[in-house]
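File shown here: data.cif, holding mmCIF, C-alpha atoms.
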```cif
data_entry
loop_
_atom_site.group_PDB
_atom_site.id
_atom_site.type_symbol
_atom_site.label_atom_id
_atom_site.label_comp_id
_atom_site.auth_asym_id
_atom_site.auth_seq_id
_atom_site.Cartn_x
_atom_site.Cartn_y
_atom_site.Cartn_z
ATOM 1 C CA MET A 1 -10.058 -25.699 11.323
ATOM 2 C CA THR A 2 -9.750 -23.074 8.616
ATOM 3 C CA LEU A 3 -11.860 -20.028 7.934
ATOM 4 C CA GLY A 4 -10.967 -19.337 4.319
ATOM 5 C CA MET A 5 -7.347 -18.188 4.373
ATOM 6 C CA LEU A 6 -7.326 -18.014 8.183
ATOM 7 C CA ASP A 7 -6.305 -21.052 10.187
ATOM 8 C CA ALA A 8 -7.921 -21.161 13.659
ATOM 9 C CA LYS A 9 -4.651 -22.201 15.328
ATOM 10 C CA GLU A 10 -2.080 -20.285 13.278
ATOM 11 C CA HIS A 11 -4.115 -17.054 13.190
ATOM 12 C CA ASP A 12 -5.676 -17.233 16.654
ATOM 13 C CA ARG A 13 -4.383 -13.753 17.618
ATOM 14 C CA ILE A 14 -5.879 -12.229 14.471
ATOM 15 C CA ILE A 15 -9.205 -14.007 14.935
ATOM 16 C CA ALA A 16 -9.380 -13.023 18.630
ATOM 17 C CA ASP A 17 -9.176 -9.317 17.758
ATOM 18 C CA PHE A 18 -10.519 -9.504 14.203
ATOM 19 C CA GLU A 19 -12.376 -6.179 14.021
ATOM 20 C CA GLN A 20 -9.493 -4.182 15.499
ATOM 21 C CA VAL A 21 -6.967 -5.915 13.224
ATOM 22 C CA CYS A 22 -9.071 -5.035 10.168
ATOM 23 C CA THR A 23 -9.655 -1.451 11.336
ATOM 24 C CA THR A 24 -5.958 -0.906 11.982
ATOM 25 C CA ALA A 25 -5.057 -2.406 8.598
ATOM 26 C CA GLY A 26 -7.708 -0.314 6.822
ATOM 27 C CA ILE A 27 -9.329 -3.337 5.222
ATOM 28 C CA GLN A 28 -12.765 -4.881 5.017
ATOM 29 C CA GLY A 29 -12.943 -8.159 6.927
ATOM 30 C CA HIS A 30 -13.795 -10.390 3.986
ATOM 31 C CA PHE A 31 -10.318 -9.795 2.501
ATOM 32 C CA MET A 32 -8.813 -11.627 5.474
ATOM 33 C CA TYR A 33 -10.613 -14.814 4.408
ATOM 34 C CA GLU A 34 -9.844 -14.555 0.683
ATOM 35 C CA SER A 35 -6.696 -15.302 -1.265
ATOM 36 C CA ALA A 36 -4.932 -12.348 -2.894
ATOM 37 C CA LYS A 37 -4.969 -14.415 -6.098
ATOM 38 C CA LYS A 38 -8.685 -13.623 -6.362
ATOM 39 C CA TYR A 39 -8.009 -9.902 -6.869
ATOM 40 C CA CYS A 40 -4.333 -9.469 -7.742
ATOM 41 C CA GLY A 41 -2.213 -10.415 -10.710
ATOM 42 C CA PRO A 42 0.925 -12.553 -10.763
ATOM 43 C CA ILE A 43 3.330 -9.669 -10.047
ATOM 44 C CA GLU A 44 1.497 -8.644 -6.871
ATOM 45 C CA VAL A 45 1.137 -12.265 -5.742
ATOM 46 C CA ASP A 46 4.864 -12.852 -6.327
ATOM 47 C CA TRP A 47 5.692 -9.713 -4.337
ATOM 48 C CA ILE A 48 3.480 -10.857 -1.438
ATOM 49 C CA THR A 49 4.819 -14.422 -1.523
ATOM 50 C CA LYS A 50 8.456 -13.301 -1.664
ATOM 51 C CA PHE A 51 7.918 -10.205 0.477
ATOM 52 C CA TRP A 52 10.863 -10.752 2.811
ATOM 53 C CA ALA A 53 13.250 -11.396 -0.110
ATOM 54 C CA TYR A 54 12.100 -8.233 -1.910
ATOM 55 C CA LYS A 55 12.463 -6.279 1.315
ATOM 56 C CA ALA A 56 15.950 -7.720 1.953
ATOM 57 C CA HIS A 57 17.028 -6.527 -1.494
ATOM 58 C CA GLY A 58 15.763 -2.997 -0.816
ATOM 59 C CA CYS A 59 12.763 -3.022 -3.166
ATOM 60 C CA PRO A 60 10.919 0.183 -2.173
ATOM 61 C CA GLY A 61 7.509 -1.276 -3.060
ATOM 62 C CA LEU A 62 4.950 -1.577 -5.821
ATOM 63 C CA VAL A 63 3.445 0.950 -8.206
ATOM 64 C CA LEU A 64 0.008 -0.125 -9.364
ATOM 65 C CA HIS A 65 -0.163 1.815 -12.642
ATOM 66 C CA GLY A 66 -3.627 2.216 -14.140
ATOM 67 C CA VAL A 67 -4.823 -1.149 -12.849
ATOM 68 C CA THR A 68 -8.497 -1.866 -12.249
ATOM 69 C CA LYS A 69 -9.877 -1.803 -8.712
ATOM 70 C CA PRO A 70 -6.834 -0.328 -6.940
ATOM 71 C CA ASP A 71 -8.636 -0.128 -3.588
ATOM 72 C CA THR A 72 -9.586 -3.812 -3.768
ATOM 73 C CA ARG A 73 -6.047 -4.790 -4.739
ATOM 74 C CA CYS A 74 -4.526 -2.752 -1.919
ATOM 75 C CA GLN A 75 -6.879 -4.260 0.658
ATOM 76 C CA SER A 76 -6.168 -7.757 -0.642
ATOM 77 C CA ILE A 77 -2.386 -7.215 -0.518
ATOM 78 C CA ALA A 78 -2.640 -5.799 3.003
ATOM 79 C CA ALA A 79 -4.796 -8.726 4.174
ATOM 80 C CA ALA A 80 -2.322 -11.272 2.815
ATOM 81 C CA LEU A 81 0.545 -9.522 4.583
ATOM 82 C CA VAL A 82 -1.393 -9.168 7.849
ATOM 83 C CA ARG A 83 -2.176 -12.900 7.757
ATOM 84 C CA ASN A 84 1.590 -13.372 7.737
ATOM 85 C CA TYR A 85 1.923 -11.012 10.707
ATOM 86 C CA VAL A 86 3.341 -8.109 8.697
ATOM 87 C CA ASP A 87 2.090 -4.685 9.826
ATOM 88 C CA ALA A 88 0.429 -3.519 6.592
ATOM 89 C CA ARG A 89 -2.016 -0.612 6.426
ATOM 90 C CA VAL A 90 -4.146 0.878 3.665
ATOM 91 C CA ILE A 91 -4.380 4.628 4.208
ATOM 92 C CA PRO A 92 -5.935 7.096 1.715
ATOM 93 C CA LEU A 93 -3.727 10.005 0.654
ATOM 94 C CA ASN A 94 -5.713 12.776 2.385
ATOM 95 C CA THR A 95 -5.954 10.825 5.636
ATOM 96 C CA LEU A 96 -2.207 10.253 5.551
ATOM 97 C CA ILE A 97 -1.394 13.926 4.920
ATOM 98 C CA GLU A 98 -3.837 15.077 7.612
ATOM 99 C CA SER A 99 -2.190 12.747 10.138
ATOM 100 C CA MET A 100 1.138 14.501 9.499
ATOM 101 C CA MET A 101 -0.176 18.055 9.737
ATOM 102 C CA ASN A 102 0.221 20.294 12.758
ATOM 103 C CA GLY A 103 3.191 18.436 14.181
ATOM 104 C CA GLY A 104 1.700 14.979 13.796
ATOM 105 C CA THR A 105 3.637 12.021 12.528
ATOM 106 C CA ALA A 106 2.790 9.622 9.766
ATOM 107 C CA PRO A 107 1.899 6.069 10.686
ATOM 108 C CA ALA A 108 4.955 3.855 10.193
ATOM 109 C CA PRO A 109 3.735 0.352 9.365
ATOM 110 C CA THR A 110 6.110 -2.134 7.757
ATOM 111 C CA VAL A 111 4.086 -1.752 4.536
ATOM 112 C CA LEU A 112 2.044 1.339 3.702
ATOM 113 C CA LEU A 113 -0.521 1.066 0.919
ATOM 114 C CA ILE A 114 -1.851 4.286 -0.645
ATOM 115 C CA GLN A 115 -4.656 3.387 -3.022
ATOM 116 C CA ASN A 116 -4.945 6.920 -4.439
ATOM 117 C CA LEU A 117 -1.490 8.516 -4.676
ATOM 118 C CA TYR A 118 -2.289 9.985 -8.085
ATOM 119 C CA MET A 119 -5.712 10.045 -9.708
ATOM 120 C CA LEU A 120 -6.656 12.415 -12.504
ATOM 121 C CA ALA A 121 -9.865 13.456 -10.753
ATOM 122 C CA MET A 122 -7.896 14.561 -7.679
ATOM 123 C CA SER A 123 -5.051 16.259 -9.540
ATOM 124 C CA LYS A 124 -6.483 19.749 -9.879
ATOM 125 C CA ASN A 125 -4.766 22.462 -7.849
ATOM 126 C CA VAL A 126 -2.736 20.292 -5.497
ATOM 127 C CA PRO A 127 -0.604 22.608 -3.355
ATOM 128 C CA PRO A 128 3.150 22.065 -3.739
ATOM 129 C CA TRP A 129 3.550 21.502 0.010
ATOM 130 C CA ARG A 130 1.322 18.406 -0.216
ATOM 131 C CA ILE A 131 3.484 16.968 -2.964
ATOM 132 C CA GLN A 132 6.604 17.634 -0.915
ATOM 133 C CA VAL A 133 5.083 16.008 2.174
ATOM 134 C CA MET A 134 4.355 12.825 0.207
ATOM 135 C CA TYR A 135 7.732 12.795 -1.512
ATOM 136 C CA ASP A 136 9.510 13.201 1.831
ATOM 137 C CA LEU A 137 7.410 10.437 3.390
ATOM 138 C CA LEU A 138 8.096 7.972 0.574
ATOM 139 C CA LEU A 139 11.822 8.759 0.571
ATOM 140 C CA GLU A 140 12.023 8.314 4.335
ATOM 141 C CA ARG A 141 10.195 4.993 4.127
ATOM 142 C CA ALA A 142 12.581 3.768 1.407
ATOM 143 C CA ILE A 143 15.604 4.793 3.502
ATOM 144 C CA LYS A 144 14.178 2.835 6.444
ATOM 145 C CA ASN A 145 13.464 -0.155 4.148
ATOM 146 C CA LYS A 146 9.709 0.087 4.729
ATOM 147 C CA PRO A 147 7.999 -0.776 1.426
ATOM 148 C CA THR A 148 5.109 1.273 0.074
ATOM 149 C CA VAL A 149 2.444 0.233 -2.418
ATOM 150 C CA VAL A 150 0.884 3.093 -4.388
ATOM 151 C CA TYR A 151 -1.754 3.456 -7.074
ATOM 152 C CA VAL A 152 -0.960 5.845 -9.912
ATOM 153 C CA GLU A 153 -3.647 6.284 -12.548
ATOM 154 C CA ASP A 154 -1.312 7.860 -15.100
ATOM 155 C CA VAL A 155 2.487 8.167 -14.843
ATOM 156 C CA LYS A 156 2.652 11.077 -17.316
ATOM 157 C CA GLY A 157 0.089 13.021 -15.285
ATOM 158 C CA LEU A 158 1.931 12.200 -12.073
ATOM 159 C CA THR A 159 5.215 13.407 -13.597
ATOM 160 C CA SER A 160 3.579 16.616 -14.757
ATOM 161 C CA MET A 161 2.046 17.355 -11.378
ATOM 162 C CA TYR A 162 4.494 15.821 -8.879
ATOM 163 C CA GLY A 163 7.664 16.445 -10.896
ATOM 164 C CA ALA A 164 10.396 14.367 -12.520
ATOM 165 C CA PRO A 165 12.294 13.553 -9.278
ATOM 166 C CA PHE A 166 9.129 12.056 -7.767
ATOM 167 C CA ALA A 167 8.475 9.983 -10.910
ATOM 168 C CA ASP A 168 12.142 8.928 -11.046
ATOM 169 C CA PHE A 169 11.933 7.743 -7.439
ATOM 170 C CA LEU A 170 8.808 5.691 -8.221
ATOM 171 C CA SER A 171 10.560 4.136 -11.239
ATOM 172 C CA ARG A 172 12.633 2.077 -8.762
ATOM 173 C CA PHE A 173 9.472 0.371 -7.477
ATOM 174 C CA THR A 174 8.218 -2.894 -8.976
ATOM 175 C CA LEU A 175 5.718 -1.893 -11.656
ATOM 176 C CA VAL A 176 2.308 -3.517 -12.018
ATOM 177 C CA GLU A 177 0.434 -2.397 -15.136
ATOM 178 C CA LYS A 178 -3.036 -3.071 -16.429
#
```

Could you quickly redo this structure as structure tokens?
Amino acid sequence: MTLGMLDAKEHDRIIADFEQVCTTAGIQGHFMYESAKKYCGPIEVDWITKFWAYKAHGCPGLVLHGVTKPDTRCQSIAAALVRNYVDARVIPLNTLIESMMNGGTAPAPTVLLIQNLYMLAMSKNVPPWRIQVMYDLLLERAIKNKPTVVYVEDVKGLTSMYGAPFADFLSRFTLVEK
């Protein structure tokens, strides 16, 4: 028996703890039942389908540049990976930074999805320490071969605010553009 993209036998562990799985992944439950093809383009679908090959070749992740509905895309990507028993989590930028403050550590899922790494509306007066925290986190994840998916509304704005080294680092990610 199938429940959309979930198979009752193959995904019995996910179905048994469905709400907790979705909460941990940071996704709305309906994404678990729906194909990523409904929300994502061919580059994202290829990356999901060939995830282990991309990871084996050291691909640091995806940059969703100026795409529509970044939150929906991130949740859909995470759901597809979770269905394949990959620890994928969608975590907003502020939540991620707050988890690392005061001696805390960042969550370390296999795939981290940040649906709002750089948005023009949030770019005013970002303290340099926040930029450094994110840069360090992304570099550490790349070193540990833990892919990250990020949404960047505008690469020029990101470069201006986060700096050229940050933008250069992101240039090694697979690019998805609108």

If the PyMOL selection byres ((chain A and resi 87) around 8) were run on this exact file, what residues would it hold? Put them as a ChimeraX atom specification. /A:25,81-82,85-86,88-89,109-111

Could you list, as a PDB file with C-alpha atoms, in the coordinates of the input, every residue within 10 Å of Cys40 in chain A, counting all atoms listed in the file and ignoring same-chain residues fewer than 3 positions away?
```pdb
ATOM      1  CA  SER A  35      -6.696 -15.302  -1.265  1.00  0.00           C
ATOM      2  CA  ALA A  36      -4.932 -12.348  -2.894  1.00  0.00           C
ATOM      3  CA  LYS A  37      -4.969 -14.415  -6.098  1.00  0.00           C
ATOM      4  CA  ILE A  43       3.330  -9.669 -10.047  1.00  0.00           C
ATOM      5  CA  GLU A  44       1.497  -8.644  -6.871  1.00  0.00           C
ATOM      6  CA  VAL A  45       1.137 -12.265  -5.742  1.00  0.00           C
ATOM      7  CA  ASP A  46       4.864 -12.852  -6.327  1.00  0.00           C
ATOM      8  CA  VAL A  67      -4.823  -1.149 -12.849  1.00  0.00           C
ATOM      9  CA  THR A  68      -8.497  -1.866 -12.249  1.00  0.00           C
ATOM     10  CA  LYS A  69      -9.877  -1.803  -8.712  1.00  0.00           C
ATOM     11  CA  PRO A  70      -6.834  -0.328  -6.940  1.00  0.00           C
ATOM     12  CA  THR A  72      -9.586  -3.812  -3.768  1.00  0.00           C
ATOM     13  CA  ARG A  73      -6.047  -4.790  -4.739  1.00  0.00           C
ATOM     14  CA  CYS A  74      -4.526  -2.752  -1.919  1.00  0.00           C
ATOM     15  CA  SER A  76      -6.168  -7.757  -0.642  1.00  0.00           C
ATOM     16  CA  ILE A  77      -2.386  -7.215  -0.518  1.00  0.00           C
ATOM     17  CA  VAL A 176       2.308  -3.517 -12.018  1.00  0.00           C
TER      18      VAL A 176
END
```

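This file, filtered with the PyMOL selection byres ((chain A and resi 139) around 12), gives the residues A:Pro60, A:Gly61, A:Gln132, A:Val133, A:Met134, A:Tyr135, A:Asp136, A:Leu137, A:Leu138, A:Glu140, A:Arg141, A:Ala142, A:Ile143, A:Lys144, A:Asn145, A:Lys146, A:Pro147, A:Thr148, A:Pro165, A:Phe166, A:Asp168, A:Phe169, A:Leu170, A:Arg172, A:Phe173.
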
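Here CA of Tyr54 in chain A and CA of Thr174 in chain A stand 9.7 Å from one another.
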
Just the number, please: distance in Å from CA of Met101 in chain A to CA of Ile114 in chain A, one decimal. 17.3 Å

Give me, as an MDAnalysis selection string, all polymer residues having an atom no more than 10 Å from Val126 in chain A, counting only C-alpha atoms and skipping those fewer than 5 positions away in the same chain. chainID A and resid 131 161:162

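Once the PyMOL selection byres ((chain A and resi 150) around 9) is applied to this file, the selection holds Gly61, Leu62, Val63, Leu64, His65, Pro70, Cys74, Leu112, Leu113, Ile114, Gln115, Asn116, Leu117, Tyr118, Thr148, Val149, Tyr151 and Val152 of chain A.
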
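Using all atoms listed in the file, the residues found no farther than 9 Å from range 6-22 of chain A, other than those of its own chain fewer than 4 positions away, are A:Met1, A:Thr2, A:Gly26, A:Ile27, A:Gln28, A:Gly29, A:Met32, A:Tyr33, A:Glu34, A:Ala79, A:Val82, A:Arg83, A:Asn84, A:Tyr85.
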